[in-house]
$ cat final_14.pdb   # PDB, C-alpha atoms, pLDDT in the B column
ATOM      1  CA  MET B   1       0.000   0.000   0.000  1.00 78.00           C
ATOM      2  CA  LEU B   2       1.270   3.450  -0.886  1.00 90.00           C
ATOM      3  CA  ASN B   3       2.068   5.434   2.222  1.00 94.00           C
ATOM      4  CA  GLU B   4       1.732   9.208   2.377  1.00 95.00           C
ATOM      5  CA  SER B   5       5.423   9.986   1.852  1.00 96.00           C
ATOM      6  CA  LEU B   6       5.617   7.864  -1.309  1.00 97.00           C
ATOM      7  CA  THR B   7       2.318   9.322  -2.538  1.00 97.00           C
ATOM      8  CA  LYS B   8       3.683  12.832  -2.003  1.00 98.00           C
ATOM      9  CA  ALA B   9       6.925  11.959  -3.790  1.00 98.00           C
ATOM     10  CA  LEU B  10       4.997  10.574  -6.779  1.00 98.00           C
ATOM     11  CA  ASN B  11       2.872  13.719  -6.854  1.00 98.00           C
ATOM     12  CA  ASP B  12       6.044  15.823  -6.748  1.00 98.00           C
ATOM     13  CA  GLN B  13       7.424  13.852  -9.696  1.00 98.00           C
ATOM     14  CA  LEU B  14       4.176  14.254 -11.641  1.00 98.00           C
ATOM     15  CA  ASN B  15       4.476  18.008 -11.183  1.00 98.00           C
ATOM     16  CA  PHE B  16       8.173  17.940 -12.112  1.00 98.00           C
ATOM     17  CA  GLU B  17       7.315  16.100 -15.339  1.00 98.00           C
ATOM     18  CA  LEU B  18       4.887  18.913 -16.163  1.00 98.00           C
ATOM     19  CA  TYR B  19       7.603  21.425 -15.326  1.00 98.00           C
ATOM     20  CA  SER B  20       9.896  19.512 -17.683  1.00 98.00           C
ATOM     21  CA  ALA B  21       7.337  20.011 -20.449  1.00 98.00           C
ATOM     22  CA  HIS B  22       7.375  23.709 -19.594  1.00 98.00           C
ATOM     23  CA  VAL B  23      11.190  23.772 -19.822  1.00 98.00           C
ATOM     24  CA  TYR B  24      11.107  22.117 -23.236  1.00 98.00           C
ATOM     25  CA  LEU B  25       8.419  24.454 -24.547  1.00 98.00           C
ATOM     26  CA  ALA B  26      10.603  27.390 -23.471  1.00 98.00           C
ATOM     27  CA  ILE B  27      13.545  25.901 -25.387  1.00 98.00           C
ATOM     28  CA  ALA B  28      11.257  25.313 -28.380  1.00 98.00           C
ATOM     29  CA  ALA B  29      10.252  28.978 -28.255  1.00 98.00           C
ATOM     30  CA  TYR B  30      13.937  29.974 -28.199  1.00 98.00           C
ATOM     31  CA  CYS B  31      14.582  27.776 -31.257  1.00 97.00           C
ATOM     32  CA  SER B  32      11.539  29.188 -33.058  1.00 97.00           C
ATOM     33  CA  GLY B  33      12.810  32.683 -32.338  1.00 97.00           C
ATOM     34  CA  GLU B  34      16.081  31.697 -34.032  1.00 96.00           C
ATOM     35  CA  SER B  35      14.158  30.343 -37.081  1.00 96.00           C
ATOM     36  CA  LEU B  36      15.242  26.807 -36.234  1.00 96.00           C
ATOM     37  CA  ASP B  37      11.875  25.161 -36.710  1.00 96.00           C
ATOM     38  CA  GLY B  38      13.238  21.609 -36.734  1.00 97.00           C
ATOM     39  CA  PHE B  39      14.957  22.032 -33.385  1.00 97.00           C
ATOM     40  CA  ALA B  40      11.803  23.761 -32.109  1.00 97.00           C
ATOM     41  CA  ASN B  41       9.791  20.719 -33.202  1.00 97.00           C
ATOM     42  CA  PHE B  42      12.269  18.441 -31.413  1.00 97.00           C
ATOM     43  CA  PHE B  43      11.548  20.229 -28.127  1.00 98.00           C
ATOM     44  CA  ILE B  44       7.798  20.441 -28.733  1.00 97.00           C
ATOM     45  CA  VAL B  45       7.791  16.659 -29.151  1.00 97.00           C
ATOM     46  CA  GLN B  46       9.954  16.362 -26.029  1.00 97.00           C
ATOM     47  CA  ALA B  47       7.372  18.427 -24.122  1.00 98.00           C
ATOM     48  CA  GLU B  48       4.626  16.042 -25.281  1.00 97.00           C
ATOM     49  CA  GLU B  49       6.652  13.097 -23.963  1.00 96.00           C
ATOM     50  CA  GLU B  50       7.020  14.805 -20.590  1.00 97.00           C
ATOM     51  CA  LYS B  51       3.267  15.406 -20.386  1.00 97.00           C
ATOM     52  CA  PHE B  52       2.757  11.723 -21.193  1.00 97.00           C
ATOM     53  CA  HIS B  53       5.107  10.824 -18.319  1.00 97.00           C
ATOM     54  CA  ALA B  54       3.089  13.031 -15.977  1.00 98.00           C
ATOM     55  CA  MET B  55      -0.157  11.389 -17.053  1.00 97.00           C
ATOM     56  CA  LYS B  56       1.368   7.952 -16.543  1.00 97.00           C
ATOM     57  CA  ILE B  57       2.011   8.882 -12.899  1.00 98.00           C
ATOM     58  CA  TYR B  58      -1.451  10.490 -12.680  1.00 98.00           C
ATOM     59  CA  LYS B  59      -3.089   7.242 -13.798  1.00 98.00           C
ATOM     60  CA  TYR B  60      -0.922   5.162 -11.462  1.00 98.00           C
ATOM     61  CA  LEU B  61      -1.854   7.269  -8.442  1.00 98.00           C
ATOM     62  CA  ASN B  62      -5.528   7.065  -9.359  1.00 97.00           C
ATOM     63  CA  ASP B  63      -5.289   3.313  -9.910  1.00 97.00           C
ATOM     64  CA  ARG B  64      -3.824   3.009  -6.416  1.00 97.00           C
ATOM     65  CA  GLY B  65      -6.658   5.052  -4.917  1.00 96.00           C
ATOM     66  CA  LYS B  66      -4.486   8.074  -4.168  1.00 97.00           C
ATOM     67  CA  ARG B  67      -5.301  11.694  -4.881  1.00 96.00           C
ATOM     68  CA  VAL B  68      -3.281  13.673  -7.394  1.00 98.00           C
ATOM     69  CA  THR B  69      -2.341  17.154  -6.249  1.00 97.00           C
ATOM     70  CA  MET B  70      -1.193  19.845  -8.644  1.00 97.00           C
ATOM     71  CA  ALA B  71       1.429  22.449  -7.799  1.00 96.00           C
ATOM     72  CA  GLY B  72       2.678  25.660  -9.355  1.00 95.00           C
ATOM     73  CA  MET B  73       5.952  25.859 -11.197  1.00 94.00           C
ATOM     74  CA  GLU B  74       8.834  28.244 -11.588  1.00 95.00           C
ATOM     75  CA  THR B  75       9.582  30.131 -14.781  1.00 97.00           C
ATOM     76  CA  PRO B  76      12.003  28.176 -16.968  1.00 97.00           C
ATOM     77  CA  ASN B  77      15.025  29.665 -18.680  1.00 97.00           C
ATOM     78  CA  ASN B  78      13.939  31.331 -21.927  1.00 97.00           C
ATOM     79  CA  GLU B  79      17.289  32.548 -23.253  1.00 97.00           C
ATOM     80  CA  TYR B  80      20.240  30.600 -24.573  1.00 97.00           C
ATOM     81  CA  GLY B  81      23.476  31.617 -26.253  1.00 96.00           C
ATOM     82  CA  SER B  82      23.259  28.830 -28.803  1.00 95.00           C
ATOM     83  CA  THR B  83      21.429  25.680 -29.774  1.00 96.00           C
ATOM     84  CA  LEU B  84      24.253  23.689 -28.194  1.00 96.00           C
ATOM     85  CA  GLU B  85      23.732  25.553 -24.908  1.00 97.00           C
ATOM     86  CA  ALA B  86      20.000  24.781 -25.054  1.00 98.00           C
ATOM     87  CA  PHE B  87      20.699  21.062 -25.540  1.00 98.00           C
ATOM     88  CA  GLU B  88      23.273  21.078 -22.735  1.00 98.00           C
ATOM     89  CA  HIS B  89      20.669  22.640 -20.446  1.00 98.00           C
ATOM     90  CA  ALA B  90      18.147  19.977 -21.495  1.00 98.00           C
ATOM     91  CA  TYR B  91      20.699  17.224 -20.809  1.00 98.00           C
ATOM     92  CA  GLU B  92      21.373  18.600 -17.321  1.00 98.00           C
ATOM     93  CA  HIS B  93      17.629  18.746 -16.754  1.00 98.00           C
ATOM     94  CA  GLU B  94      17.274  15.077 -17.761  1.00 98.00           C
ATOM     95  CA  GLN B  95      20.052  14.165 -15.335  1.00 98.00           C
ATOM     96  CA  GLU B  96      18.008  15.844 -12.588  1.00 98.00           C
ATOM     97  CA  VAL B  97      14.946  13.842 -13.662  1.00 98.00           C
ATOM     98  CA  THR B  98      17.030  10.662 -13.404  1.00 98.00           C
ATOM     99  CA  LYS B  99      18.122  11.554  -9.860  1.00 98.00           C
ATOM    100  CA  ARG B 100      14.496  12.128  -8.910  1.00 98.00           C
ATOM    101  CA  ILE B 101      13.352   8.813 -10.410  1.00 98.00           C
ATOM    102  CA  TYR B 102      16.154   6.993  -8.576  1.00 98.00           C
ATOM    103  CA  HIS B 103      15.059   8.665  -5.336  1.00 97.00           C
ATOM    104  CA  LEU B 104      11.486   7.505  -5.941  1.00 97.00           C
ATOM    105  CA  SER B 105      12.753   4.007  -6.613  1.00 97.00           C
ATOM    106  CA  ASP B 106      14.766   4.065  -3.373  1.00 97.00           C
ATOM    107  CA  LEU B 107      11.677   5.142  -1.432  1.00 97.00           C
ATOM    108  CA  ALA B 108       9.613   2.367  -3.010  1.00 97.00           C
ATOM    109  CA  MET B 109      12.299  -0.223  -2.239  1.00 97.00           C
ATOM    110  CA  ASN B 110      12.587   0.965   1.372  1.00 96.00           C
ATOM    111  CA  ASP B 111       8.812   0.609   1.720  1.00 96.00           C
ATOM    112  CA  ARG B 112       8.888  -2.775  -0.051  1.00 96.00           C
ATOM    113  CA  GLU B 113       6.236  -1.289  -2.341  1.00 96.00           C
ATOM    114  CA  HIS B 114       6.637  -3.847  -5.133  1.00 97.00           C
ATOM    115  CA  ALA B 115       3.973  -2.475  -7.463  1.00 97.00           C
ATOM    116  CA  THR B 116       5.616   0.946  -7.398  1.00 97.00           C
ATOM    117  CA  ILE B 117       9.059  -0.578  -7.900  1.00 97.00           C
ATOM    118  CA  GLN B 118       7.737  -2.303 -11.026  1.00 97.00           C
ATOM    119  CA  PHE B 119       5.985   0.870 -12.187  1.00 97.00           C
ATOM    120  CA  LEU B 120       9.167   2.943 -11.825  1.00 98.00           C
ATOM    121  CA  LYS B 121      11.235   0.468 -13.857  1.00 97.00           C
ATOM    122  CA  TRP B 122       9.672   1.925 -17.021  1.00 96.00           C
ATOM    123  CA  PHE B 123      10.827   5.410 -15.980  1.00 97.00           C
ATOM    124  CA  ILE B 124      14.351   4.198 -15.217  1.00 98.00           C
ATOM    125  CA  ASP B 125      14.604   2.637 -18.671  1.00 97.00           C
ATOM    126  CA  GLU B 126      13.171   5.811 -20.202  1.00 96.00           C
ATOM    127  CA  GLN B 127      15.796   7.949 -18.484  1.00 97.00           C
ATOM    128  CA  VAL B 128      18.620   5.837 -19.911  1.00 97.00           C
ATOM    129  CA  GLU B 129      17.194   6.551 -23.387  1.00 96.00           C
ATOM    130  CA  GLU B 130      16.675  10.253 -22.665  1.00 97.00           C
ATOM    131  CA  GLU B 131      20.178  10.864 -21.367  1.00 98.00           C
ATOM    132  CA  SER B 132      21.732   8.861 -24.195  1.00 98.00           C
ATOM    133  CA  MET B 133      19.754  10.808 -26.807  1.00 97.00           C
ATOM    134  CA  PHE B 134      20.751  14.222 -25.442  1.00 98.00           C
ATOM    135  CA  ASP B 135      24.378  13.164 -25.028  1.00 97.00           C
ATOM    136  CA  SER B 136      24.470  11.980 -28.642  1.00 97.00           C
ATOM    137  CA  ILE B 137      22.927  15.196 -29.977  1.00 96.00           C
ATOM    138  CA  ILE B 138      25.347  17.332 -27.954  1.00 97.00           C
ATOM    139  CA  ASN B 139      28.283  15.355 -29.326  1.00 96.00           C
ATOM    140  CA  LYS B 140      27.001  15.838 -32.882  1.00 95.00           C
ATOM    141  CA  LEU B 141      26.499  19.567 -32.348  1.00 95.00           C
ATOM    142  CA  LYS B 142      30.034  19.878 -30.991  1.00 95.00           C
ATOM    143  CA  ARG B 143      31.437  17.857 -33.886  1.00 93.00           C
ATOM    144  CA  ILE B 144      29.767  19.935 -36.600  1.00 92.00           C
ATOM    145  CA  ASP B 145      30.705  23.187 -34.825  1.00 80.00           C
ATOM    146  CA  LYS B 146      30.646  25.830 -37.556  1.00 75.00           C
ATOM    147  CA  ASP B 147      29.542  23.552 -40.438  1.00 80.00           C
ATOM    148  CA  SER B 148      26.289  25.284 -41.278  1.00 87.00           C
ATOM    149  CA  ASN B 149      25.269  22.623 -43.812  1.00 89.00           C
ATOM    150  CA  ALA B 150      25.443  19.858 -41.201  1.00 91.00           C
ATOM    151  CA  PHE B 151      23.663  22.074 -38.656  1.00 90.00           C
ATOM    152  CA  PHE B 152      20.767  22.768 -41.014  1.00 89.00           C
ATOM    153  CA  MET B 153      20.612  19.080 -41.957  1.00 92.00           C
ATOM    154  CA  MET B 154      20.102  18.305 -38.255  1.00 92.00           C
ATOM    155  CA  ASP B 155      17.432  21.003 -38.071  1.00 88.00           C
ATOM    156  CA  ALA B 156      15.646  19.449 -41.058  1.00 92.00           C
ATOM    157  CA  GLU B 157      15.932  15.967 -39.540  1.00 91.00           C
ATOM    158  CA  TYR B 158      14.324  17.061 -36.270  1.00 93.00           C
ATOM    159  CA  ALA B 159      11.458  18.707 -38.129  1.00 92.00           C
ATOM    160  CA  LEU B 160      10.295  15.142 -38.865  1.00 91.00           C
ATOM    161  CA  ARG B 161      10.336  13.968 -35.236  1.00 91.00           C
ATOM    162  CA  SER B 162       6.968  12.993 -33.799  1.00 92.00           C
ATOM    163  CA  PHE B 163       5.555  11.370 -30.685  1.00 90.00           C
ATOM    164  CA  THR B 164       2.862   8.738 -30.657  1.00 87.00           C
ATOM    165  CA  PRO B 165       2.079   7.972 -27.044  1.00 84.00           C
ATOM    166  CA  PRO B 166       1.684   4.321 -26.146  1.00 80.00           C
ATOM    167  CA  ALA B 167      -1.430   3.347 -24.267  1.00 78.00           C
ATOM    168  CA  LEU B 168      -1.421   4.349 -20.613  1.00 72.00           C
TER     169      LEU B 168
END
$ encode --input "final_14.pdb" --output "structure tokens"
Amino acid sequence: MLNESLTKALNDQLNFELYSAHVYLAIAAYCSGESLDGFANFFIVQAEEEKFHAMKIYKYLNDRGKRVTMAGMETPNNEYGSTLEAFEHAYEHEQEVTKRIYHLSDLAMNDREHATIQFLKWFIDEQVEEESMFDSIINKLKRIDKDSNAFFMMDAEYALRSFTPPAL
């Protein structure tokens, strides 16, 4: 049975996932302002994924008979010096998400809350993918440096990115 501290921690994570969507929409707006519509699309899709993560936790809490509580959020960074800087910020943000998911997992293990441990496994696997993706993109951006053709090819590639949420 979910105790109050684990319920609160899951609610906090749900709200942090929504904040993550907010962060990625702010980065998308920065990219749009720089006429980098493909990179903007990348972050819009990323925001949709974060909202999906939040709803996954929402459904889990409801399925366990616990109440979801919504919280306010701080204003995300809206200015970046470059696309690389924006991706580095996103990567650092994902590392924070990973720390939070690990903390949730630790709480669930301490409580011997097996259903929650199993539920959080999906998020742990997701974070490995997220961090790997951002790390790879950052390495590519560093490698192409001033090669504008390669940069605009990446922009065009990310214009095609989409998100089809799996069933909750």
$ closest_residue --input "final_14.pdb" --among "B:Met153, B:Tyr80, B:Cys31, B:Glu17" --to "B:Lys140" --atoms "all atoms listed in the file"
B:Met153
$ atom_distance --input "final_14.pdb" --atom1 "atom CA of B:Asp12" --atom2 "atom CA of B:Ile101"
10.8 Å
$ residues_near_point --input "final_14.pdb" --point "(-0.7, 3.5, -22.9)" --cutoff "12 Å" --atoms "only C-alpha atoms" --output "list in words"
Phe52, His53, Met55, Lys56, Ile57, Lys59, Tyr60, Thr164, Pro165, Pro166, Ala167 and Leu168 of chain B
$ residues_near_point --input "final_14.pdb" --point "(23.4, 16.5, -19.6)" --cutoff "10 Å" --atoms "all atoms listed in the file" --output "VMD selection string"
chain B and resid 87 to 96 130 to 135 138
$ atom_distance --input "final_14.pdb" --atom1 "atom CA of B:Phe152" --atom2 "atom CA of B:Val128"
27.1 Å
$ resolve_selection --input "final_14.pdb" --expression "the PyMOL selection byres ((chain B and resi 28) around 12)" --output "ChimeraX atom specification"
/B:21-27,29-48,76-80,83,86-87,90,158-159
$ build_atoms --input "final_14.pdb" --residues "stretch 84-102 of chain B" --atoms "N, CA and C atoms" --output "short mmCIF file (atom, residue, chain, number, x, y, z; two decimals), keeping the file's coordinate frame"
data_model
loop_
_atom_site.label_atom_id
_atom_site.label_comp_id
_atom_site.auth_asym_id
_atom_site.auth_seq_id
_atom_site.Cartn_x
_atom_site.Cartn_y
_atom_site.Cartn_z
N LEU B 84 23.46 24.61 -29.02
CA LEU B 84 24.25 23.69 -28.19
C LEU B 84 23.99 23.96 -26.72
N GLU B 85 24.00 25.21 -26.31
CA GLU B 85 23.73 25.55 -24.91
C GLU B 85 22.34 25.09 -24.49
N ALA B 86 21.36 25.23 -25.37
CA ALA B 86 20.00 24.78 -25.05
C ALA B 86 19.96 23.27 -24.84
N PHE B 87 20.66 22.52 -25.70
CA PHE B 87 20.70 21.06 -25.54
C PHE B 87 21.47 20.66 -24.29
N GLU B 88 22.53 21.38 -23.96
CA GLU B 88 23.27 21.08 -22.74
C GLU B 88 22.40 21.31 -21.52
N HIS B 89 21.60 22.38 -21.55
CA HIS B 89 20.67 22.64 -20.45
C HIS B 89 19.64 21.50 -20.35
N ALA B 90 19.13 21.07 -21.49
CA ALA B 90 18.15 19.98 -21.50
C ALA B 90 18.77 18.69 -20.94
N TYR B 91 20.01 18.42 -21.30
CA TYR B 91 20.70 17.22 -20.81
C TYR B 91 20.86 17.28 -19.29
N GLU B 92 21.26 18.43 -18.77
CA GLU B 92 21.37 18.60 -17.32
C GLU B 92 20.01 18.41 -16.65
N HIS B 93 18.98 18.91 -17.30
CA HIS B 93 17.63 18.75 -16.75
C HIS B 93 17.26 17.25 -16.70
N GLU B 94 17.57 16.51 -17.75
CA GLU B 94 17.27 15.08 -17.76
C GLU B 94 18.05 14.34 -16.68
N GLN B 95 19.28 14.78 -16.42
CA GLN B 95 20.05 14.16 -15.34
C GLN B 95 19.37 14.40 -13.98
N GLU B 96 18.77 15.57 -13.82
CA GLU B 96 18.01 15.84 -12.59
C GLU B 96 16.78 14.95 -12.51
N VAL B 97 16.10 14.74 -13.63
CA VAL B 97 14.95 13.84 -13.66
C VAL B 97 15.39 12.44 -13.23
N THR B 98 16.51 11.99 -13.75
CA THR B 98 17.03 10.66 -13.40
C THR B 98 17.26 10.56 -11.90
N LYS B 99 17.89 11.56 -11.31
CA LYS B 99 18.12 11.55 -9.86
C LYS B 99 16.80 11.44 -9.11
N ARG B 100 15.80 12.15 -9.57
CA ARG B 100 14.50 12.13 -8.91
C ARG B 100 13.83 10.75 -9.03
N ILE B 101 13.93 10.15 -10.20
CA ILE B 101 13.35 8.81 -10.41
C ILE B 101 14.07 7.79 -9.53
N TYR B 102 15.40 7.89 -9.45
CA TYR B 102 16.15 6.99 -8.58
C TYR B 102 15.73 7.16 -7.12
#
